[in-house]
>>> print(open('start-v1.cif').read())   # mmCIF, C-alpha atoms
data_final
#
loop_
_atom_site.group_PDB
_atom_site.id
_atom_site.type_symbol
_atom_site.label_atom_id
_atom_site.label_comp_id
_atom_site.auth_asym_id
_atom_site.auth_seq_id
_atom_site.Cartn_x
_atom_site.Cartn_y
_atom_site.Cartn_z
ATOM 1 C CA MET Z 9 -5.722 8.997 -2.274
ATOM 2 C CA SER Z 10 -2.743 7.291 -0.700
ATOM 3 C CA ARG Z 11 -3.090 5.409 2.572
ATOM 4 C CA ARG Z 12 -0.509 3.763 4.835
ATOM 5 C CA VAL Z 13 -1.360 1.199 7.486
ATOM 6 C CA ARG Z 14 0.951 -0.678 9.878
ATOM 7 C CA VAL Z 15 -0.569 -4.087 10.590
ATOM 8 C CA LEU Z 16 0.245 -6.445 13.457
ATOM 9 C CA ILE Z 17 -0.979 -9.985 12.828
ATOM 10 C CA GLU Z 18 -1.292 -12.493 15.674
ATOM 11 C CA GLY Z 19 -1.826 -16.232 15.730
ATOM 12 C CA GLU Z 20 -0.133 -19.113 13.947
ATOM 13 C CA VAL Z 21 1.440 -16.812 11.369
ATOM 14 C CA GLN Z 22 5.134 -17.695 11.250
ATOM 15 C CA GLY Z 23 6.420 -20.698 9.328
ATOM 16 C CA VAL Z 24 3.243 -20.874 7.216
ATOM 17 C CA TYR Z 25 4.377 -18.814 4.181
ATOM 18 C CA PHE Z 26 2.571 -15.713 5.429
ATOM 19 C CA ARG Z 27 5.273 -13.295 4.277
ATOM 20 C CA ASP Z 28 5.638 -14.892 0.836
ATOM 21 C CA SER Z 29 1.875 -15.026 0.315
ATOM 22 C CA ALA Z 30 1.448 -11.412 1.421
ATOM 23 C CA THR Z 31 4.208 -10.299 -0.932
ATOM 24 C CA THR Z 32 2.522 -11.986 -3.894
ATOM 25 C CA ARG Z 33 -0.871 -10.566 -2.963
ATOM 26 C CA ALA Z 34 0.490 -7.036 -2.401
ATOM 27 C CA ARG Z 35 2.216 -7.051 -5.767
ATOM 28 C CA ASP Z 36 -1.009 -8.257 -7.424
ATOM 29 C CA TYR Z 37 -2.903 -5.387 -5.755
ATOM 30 C CA GLU Z 38 -0.102 -2.895 -6.493
ATOM 31 C CA VAL Z 39 0.320 -2.168 -2.788
ATOM 32 C CA ALA Z 40 3.757 -1.023 -1.627
ATOM 33 C CA GLY Z 41 5.392 -1.678 1.728
ATOM 34 C CA TRP Z 42 7.045 -4.509 3.583
ATOM 35 C CA ILE Z 43 6.475 -7.459 5.904
ATOM 36 C CA ARG Z 44 8.555 -9.175 8.589
ATOM 37 C CA ASN Z 45 8.401 -11.686 11.425
ATOM 38 C CA LEU Z 46 8.636 -10.313 14.960
ATOM 39 C CA PRO Z 47 10.480 -12.118 17.773
ATOM 40 C CA ASP Z 48 7.223 -12.513 19.738
ATOM 41 C CA GLY Z 49 5.614 -14.665 17.008
ATOM 42 C CA ARG Z 50 3.575 -11.941 15.336
ATOM 43 C CA VAL Z 51 3.974 -10.676 11.781
ATOM 44 C CA GLU Z 52 4.265 -6.934 11.135
ATOM 45 C CA ALA Z 53 3.471 -5.385 7.778
ATOM 46 C CA VAL Z 54 3.138 -1.958 6.220
ATOM 47 C CA TYR Z 55 0.665 -1.574 3.373
ATOM 48 C CA GLU Z 56 0.721 1.655 1.375
ATOM 49 C CA GLY Z 57 -1.209 2.637 -1.713
ATOM 50 C CA GLU Z 58 -4.710 3.465 -2.862
ATOM 51 C CA ASP Z 59 -7.442 2.979 -0.255
ATOM 52 C CA ASP Z 60 -9.287 -0.013 -1.776
ATOM 53 C CA PRO Z 61 -6.197 -2.186 -2.398
ATOM 54 C CA VAL Z 62 -4.808 -1.360 1.061
ATOM 55 C CA GLN Z 63 -8.135 -2.324 2.618
ATOM 56 C CA ALA Z 64 -8.083 -5.546 0.574
ATOM 57 C CA MET Z 65 -4.654 -6.352 2.076
ATOM 58 C CA ILE Z 66 -5.951 -5.701 5.596
ATOM 59 C CA ASP Z 67 -8.931 -7.961 4.917
ATOM 60 C CA TRP Z 68 -6.650 -10.659 3.470
ATOM 61 C CA SER Z 69 -4.453 -10.444 6.588
ATOM 62 C CA TRP Z 70 -7.369 -11.799 8.645
ATOM 63 C CA ASP Z 71 -7.143 -15.032 6.607
ATOM 64 C CA GLY Z 72 -3.590 -15.224 5.313
ATOM 65 C CA PRO Z 73 -2.377 -18.336 3.522
ATOM 66 C CA ASP Z 74 -4.087 -21.715 3.993
ATOM 67 C CA ARG Z 75 -1.836 -22.878 6.852
ATOM 68 C CA ALA Z 76 -2.174 -19.666 8.905
ATOM 69 C CA GLU Z 77 -4.502 -19.373 11.880
ATOM 70 C CA VAL Z 78 -4.983 -15.654 12.448
ATOM 71 C CA VAL Z 79 -6.548 -14.657 15.774
ATOM 72 C CA ASN Z 80 -6.144 -10.867 15.632
ATOM 73 C CA VAL Z 81 -5.162 -8.090 13.240
ATOM 74 C CA GLN Z 82 -4.415 -4.612 14.528
ATOM 75 C CA ALA Z 83 -4.319 -1.907 11.846
ATOM 76 C CA ILE Z 84 -2.670 1.409 12.739
ATOM 77 C CA GLU Z 85 -3.105 4.316 10.336
ATOM 78 C CA GLU Z 86 0.091 6.255 9.562
ATOM 79 C CA ALA Z 87 1.055 9.103 7.266
ATOM 80 C CA PRO Z 88 2.041 7.845 3.791
ATOM 81 C CA GLN Z 89 5.803 7.808 3.224
ATOM 82 C CA GLY Z 90 6.027 7.063 -0.488
ATOM 83 C CA GLU Z 91 6.921 3.361 -0.234
ATOM 84 C CA GLU Z 92 7.835 1.717 -3.532
ATOM 85 C CA GLY Z 93 7.575 -1.987 -4.221
ATOM 86 C CA PHE Z 94 6.850 -4.641 -1.597
ATOM 87 C CA GLN Z 95 9.523 -6.638 0.157
ATOM 88 C CA ILE Z 96 10.170 -9.082 2.942
ATOM 89 C CA ARG Z 97 12.360 -7.674 5.707
ATOM 90 C CA PHE Z 98 14.488 -10.095 7.643
ATOM 91 C CA GLU Z 99 15.537 -7.926 10.581
ATOM 92 C CA SER Z 100 13.229 -7.633 13.570
#
>>> encode(input="start-v1.cif", output="structure tokens")
Amino acid sequence: MSRRVRVLIEGEVQGVYFRDSATTRARDYEVAGWIRNLPDGRVEAVYEGEDDPVQAMIDWSWDGPDRAEVVNVQAIEEAPQGEEGFQIRFES
């Protein structure tokens, strides 16, 4: 079953390779979607795919890469949209 979750990640999450690390992890888990920095210092991501890999990405978001200091992750369920691949978005 396909699942789509929009995730807002707060803390020390920009400038610590969060987006690159998430992209690598998502591709390893075969999760589609995207990730981007927000102007307010948070990172926003969309994870779409099978339930277990999407949940693994949400769980990973609580840790992130070694240099990240995550203080909160908000996961918002959405209707799947058929995302393909995983990419970094540069617009906010």
>>> resolve_selection(input="start-v1.cif", expression="the PyMOL selection byres ((chain Z and resi 16) around 6)", output="list in words")
Val15, Ile17, Val51, Glu52, Val81 and Gln82 of chain Z
>>> closest_residue(input="start-v1.cif", among="Z:Gly19, Z:Pro47, Z:Val62, Z:Asn80", to="Arg35 of chain Z", atoms="all atoms listed in the file")
Z:Val62
>>> resolve_selection(input="start-v1.cif", expression="the PyMOL selection byres ((chain Z and resi 76) around 8)", output="PDB file with C-alpha atoms, in the frame of the given file")
ATOM      1  CA  GLY Z  19      -1.826 -16.232  15.730  1.00  0.00           C
ATOM      2  CA  GLU Z  20      -0.133 -19.113  13.947  1.00  0.00           C
ATOM      3  CA  VAL Z  21       1.440 -16.812  11.369  1.00  0.00           C
ATOM      4  CA  GLN Z  22       5.134 -17.695  11.250  1.00  0.00           C
ATOM      5  CA  VAL Z  24       3.243 -20.874   7.216  1.00  0.00           C
ATOM      6  CA  PHE Z  26       2.571 -15.713   5.429  1.00  0.00           C
ATOM      7  CA  ASP Z  71      -7.143 -15.032   6.607  1.00  0.00           C
ATOM      8  CA  GLY Z  72      -3.590 -15.224   5.313  1.00  0.00           C
ATOM      9  CA  PRO Z  73      -2.377 -18.336   3.522  1.00  0.00           C
ATOM     10  CA  ASP Z  74      -4.087 -21.715   3.993  1.00  0.00           C
ATOM     11  CA  ARG Z  75      -1.836 -22.878   6.852  1.00  0.00           C
ATOM     12  CA  GLU Z  77      -4.502 -19.373  11.880  1.00  0.00           C
ATOM     13  CA  VAL Z  78      -4.983 -15.654  12.448  1.00  0.00           C
TER      14      VAL Z  78
END
>>> residues_around(input="start-v1.cif", residues="Phe94 of chain Z", least_positions_apart="2", cutoff="7 Å", atoms="only C-alpha atoms", output="list of chain:residue names")
Z:Thr31, Z:Ala34, Z:Arg35, Z:Ala40, Z:Gly41, Z:Trp42, Z:Glu92
>>> resolve_selection(input="start-v1.cif", expression="the PyMOL selection byres ((chain Z and resi 89) around 12)", output="PDB file with C-alpha atoms, in the coordinates of the input")
ATOM      1  CA  SER Z  10      -2.743   7.291  -0.700  1.00  0.00           C
ATOM      2  CA  ARG Z  11      -3.090   5.409   2.572  1.00  0.00           C
ATOM      3  CA  ARG Z  12      -0.509   3.763   4.835  1.00  0.00           C
ATOM      4  CA  VAL Z  13      -1.360   1.199   7.486  1.00  0.00           C
ATOM      5  CA  ARG Z  14       0.951  -0.678   9.878  1.00  0.00           C
ATOM      6  CA  ALA Z  40       3.757  -1.023  -1.627  1.00  0.00           C
ATOM      7  CA  GLY Z  41       5.392  -1.678   1.728  1.00  0.00           C
ATOM      8  CA  VAL Z  54       3.138  -1.958   6.220  1.00  0.00           C
ATOM      9  CA  TYR Z  55       0.665  -1.574   3.373  1.00  0.00           C
ATOM     10  CA  GLU Z  56       0.721   1.655   1.375  1.00  0.00           C
ATOM     11  CA  GLY Z  57      -1.209   2.637  -1.713  1.00  0.00           C
ATOM     12  CA  GLU Z  85      -3.105   4.316  10.336  1.00  0.00           C
ATOM     13  CA  GLU Z  86       0.091   6.255   9.562  1.00  0.00           C
ATOM     14  CA  ALA Z  87       1.055   9.103   7.266  1.00  0.00           C
ATOM     15  CA  PRO Z  88       2.041   7.845   3.791  1.00  0.00           C
ATOM     16  CA  GLY Z  90       6.027   7.063  -0.488  1.00  0.00           C
ATOM     17  CA  GLU Z  91       6.921   3.361  -0.234  1.00  0.00           C
ATOM     18  CA  GLU Z  92       7.835   1.717  -3.532  1.00  0.00           C
TER      19      GLU Z  92
END
>>> closest_residue(input="start-v1.cif", among="Z:Arg97, Z:Arg50, Z:Arg33, Z:Arg44", to="Asp67 of chain Z", atoms="all atoms listed in the file")
Z:Arg33
>>> atom_distance(input="start-v1.cif", atom1="atom CA of Ile66 of chain Z", atom2="atom CA of Tyr37 of chain Z")
11.8 Å
>>> closest_residue(input="start-v1.cif", among="Z:Ser69, Z:Asp59, Z:Ala83, Z:Ala64", to="Ala30 of chain Z", atoms="all atoms listed in the file")
Z:Ser69
>>> axis_aligned_box(input="start-v1.cif", around="segment 22-34 of chain Z", padding_each_side="3 Å", output="JSON")
{"center_x": 2.8, "center_y": -14.0, "center_z": 3.7, "size_x": 13.3, "size_y": 19.8, "size_z": 21.1}
>>> atom_distance(input="start-v1.cif", atom1="atom CA of Gly93 of chain Z", atom2="atom CA of Arg27 of chain Z")
14.3 Å
>>> atom_distance(input="start-v1.cif", atom1="atom CA of Glu99 of chain Z", atom2="atom CA of Trp68 of chain Z")
23.5 Å
>>> closest_residue(input="start-v1.cif", among="Z:Ile96, Z:Val79, Z:Ile84, Z:Val39", to="Glu58 of chain Z", atoms="all atoms listed in the file")
Z:Val39
>>> closest_residue(input="start-v1.cif", among="Z:Phe98, Z:Glu18, Z:Pro61, Z:Met9", to="Asn45 of chain Z", atoms="all atoms listed in the file")
Z:Phe98
>>> decode(input="start-v1.cif", residues="segment 20-100 of chain Z", atoms="C-alpha atoms", output="PDB file, in the first residue's frame")
ATOM      1  CA  GLU Z  20      19.947  22.381  13.627  1.00  0.00           C
ATOM      2  CA  VAL Z  21      19.067  20.845  10.267  1.00  0.00           C
ATOM      3  CA  GLN Z  22      20.393  23.222   7.617  1.00  0.00           C
ATOM      4  CA  GLY Z  23      24.048  23.275   6.613  1.00  0.00           C
ATOM      5  CA  VAL Z  24      24.629  19.783   8.046  1.00  0.00           C
ATOM      6  CA  TYR Z  25      24.090  17.692   4.871  1.00  0.00           C
ATOM      7  CA  PHE Z  26      20.544  16.789   5.893  1.00  0.00           C
ATOM      8  CA  ARG Z  27      19.142  16.992   2.362  1.00  0.00           C
ATOM      9  CA  ASP Z  28      21.995  14.999   0.807  1.00  0.00           C
ATOM     10  CA  SER Z  29      21.837  12.340   3.519  1.00  0.00           C
ATOM     11  CA  ALA Z  30      18.056  12.049   3.215  1.00  0.00           C
ATOM     12  CA  THR Z  31      18.322  11.692  -0.552  1.00  0.00           C
ATOM     13  CA  THR Z  32      20.805   8.830  -0.222  1.00  0.00           C
ATOM     14  CA  ARG Z  33      18.710   7.121   2.439  1.00  0.00           C
ATOM     15  CA  ALA Z  34      15.449   7.532   0.482  1.00  0.00           C
ATOM     16  CA  ARG Z  35      17.007   6.049  -2.631  1.00  0.00           C
ATOM     17  CA  ASP Z  36      18.341   3.117  -0.574  1.00  0.00           C
ATOM     18  CA  TYR Z  37      14.827   2.534   0.815  1.00  0.00           C
ATOM     19  CA  GLU Z  38      13.209   3.091  -2.601  1.00  0.00           C
ATOM     20  CA  VAL Z  39      11.147   5.972  -1.229  1.00  0.00           C
ATOM     21  CA  ALA Z  40      10.090   8.674  -3.690  1.00  0.00           C
ATOM     22  CA  GLY Z  41       9.580  12.362  -2.984  1.00  0.00           C
ATOM     23  CA  TRP Z  42      11.642  15.448  -2.347  1.00  0.00           C
ATOM     24  CA  ILE Z  43      13.343  17.558   0.311  1.00  0.00           C
ATOM     25  CA  ARG Z  44      14.119  21.266   0.675  1.00  0.00           C
ATOM     26  CA  ASN Z  45      15.273  23.913   3.131  1.00  0.00           C
ATOM     27  CA  LEU Z  46      12.665  26.396   4.342  1.00  0.00           C
ATOM     28  CA  PRO Z  47      13.441  30.077   4.987  1.00  0.00           C
ATOM     29  CA  ASP Z  48      12.610  29.666   8.698  1.00  0.00           C
ATOM     30  CA  GLY Z  49      15.435  27.138   9.246  1.00  0.00           C
ATOM     31  CA  ARG Z  50      13.348  23.978   9.043  1.00  0.00           C
ATOM     32  CA  VAL Z  51      13.644  21.237   6.437  1.00  0.00           C
ATOM     33  CA  GLU Z  52      10.527  20.031   4.609  1.00  0.00           C
ATOM     34  CA  ALA Z  53      10.333  16.641   2.944  1.00  0.00           C
ATOM     35  CA  VAL Z  54       7.780  14.442   1.231  1.00  0.00           C
ATOM     36  CA  TYR Z  55       8.231  10.692   1.538  1.00  0.00           C
ATOM     37  CA  GLU Z  56       6.082   8.445  -0.643  1.00  0.00           C
ATOM     38  CA  GLY Z  57       6.151   4.700  -1.089  1.00  0.00           C
ATOM     39  CA  GLU Z  58       5.398   1.497   0.764  1.00  0.00           C
ATOM     40  CA  ASP Z  59       4.467   1.912   4.432  1.00  0.00           C
ATOM     41  CA  ASP Z  60       7.550   0.354   6.082  1.00  0.00           C
ATOM     42  CA  PRO Z  61      10.172   2.291   4.074  1.00  0.00           C
ATOM     43  CA  VAL Z  62       8.239   5.552   4.527  1.00  0.00           C
ATOM     44  CA  GLN Z  63       8.078   4.926   8.270  1.00  0.00           C
ATOM     45  CA  ALA Z  64      11.821   4.186   8.241  1.00  0.00           C
ATOM     46  CA  MET Z  65      12.407   7.607   6.623  1.00  0.00           C
ATOM     47  CA  ILE Z  66      10.265   9.316   9.266  1.00  0.00           C
ATOM     48  CA  ASP Z  67      12.206   7.523  11.999  1.00  0.00           C
ATOM     49  CA  TRP Z  68      15.524   8.470  10.365  1.00  0.00           C
ATOM     50  CA  SER Z  69      14.387  12.114  10.214  1.00  0.00           C
ATOM     51  CA  TRP Z  70      14.438  12.210  14.031  1.00  0.00           C
ATOM     52  CA  ASP Z  71      18.211  11.583  13.872  1.00  0.00           C
ATOM     53  CA  GLY Z  72      19.352  12.822  10.481  1.00  0.00           C
ATOM     54  CA  PRO Z  73      23.045  12.956   9.641  1.00  0.00           C
ATOM     55  CA  ASP Z  74      25.717  13.074  12.363  1.00  0.00           C
ATOM     56  CA  ARG Z  75      25.943  16.885  12.498  1.00  0.00           C
ATOM     57  CA  ALA Z  76      22.169  17.461  12.758  1.00  0.00           C
ATOM     58  CA  GLU Z  77      20.434  18.214  16.041  1.00  0.00           C
ATOM     59  CA  VAL Z  78      16.763  17.460  15.462  1.00  0.00           C
ATOM     60  CA  VAL Z  79      14.347  18.776  18.097  1.00  0.00           C
ATOM     61  CA  ASN Z  80      11.004  18.009  16.430  1.00  0.00           C
ATOM     62  CA  VAL Z  81       9.541  16.139  13.471  1.00  0.00           C
ATOM     63  CA  GLN Z  82       5.964  16.736  12.391  1.00  0.00           C
ATOM     64  CA  ALA Z  83       4.566  14.123   9.996  1.00  0.00           C
ATOM     65  CA  ILE Z  84       1.407  15.011   8.059  1.00  0.00           C
ATOM     66  CA  GLU Z  85      -0.352  12.236   6.158  1.00  0.00           C
ATOM     67  CA  GLU Z  86      -1.402  13.140   2.601  1.00  0.00           C
ATOM     68  CA  ALA Z  87      -2.971  11.314  -0.319  1.00  0.00           C
ATOM     69  CA  PRO Z  88      -0.334   9.595  -2.491  1.00  0.00           C
ATOM     70  CA  GLN Z  89       0.406  11.472  -5.716  1.00  0.00           C
ATOM     71  CA  GLY Z  90       2.571   8.985  -7.590  1.00  0.00           C
ATOM     72  CA  GLU Z  91       5.958  10.608  -6.908  1.00  0.00           C
ATOM     73  CA  GLU Z  92       8.868   9.071  -8.801  1.00  0.00           C
ATOM     74  CA  GLY Z  93      12.478   9.278  -7.712  1.00  0.00           C
ATOM     75  CA  PHE Z  94      13.771  11.451  -4.872  1.00  0.00           C
ATOM     76  CA  GLN Z  95      15.245  14.885  -5.366  1.00  0.00           C
ATOM     77  CA  ILE Z  96      16.460  17.967  -3.585  1.00  0.00           C
ATOM     78  CA  ARG Z  97      14.374  21.054  -4.318  1.00  0.00           C
ATOM     79  CA  PHE Z  98      16.092  24.394  -4.148  1.00  0.00           C
ATOM     80  CA  GLU Z  99      13.099  26.734  -4.154  1.00  0.00           C
ATOM     81  CA  SER Z 100      11.361  27.511  -0.879  1.00  0.00           C
TER      82      SER Z 100
END
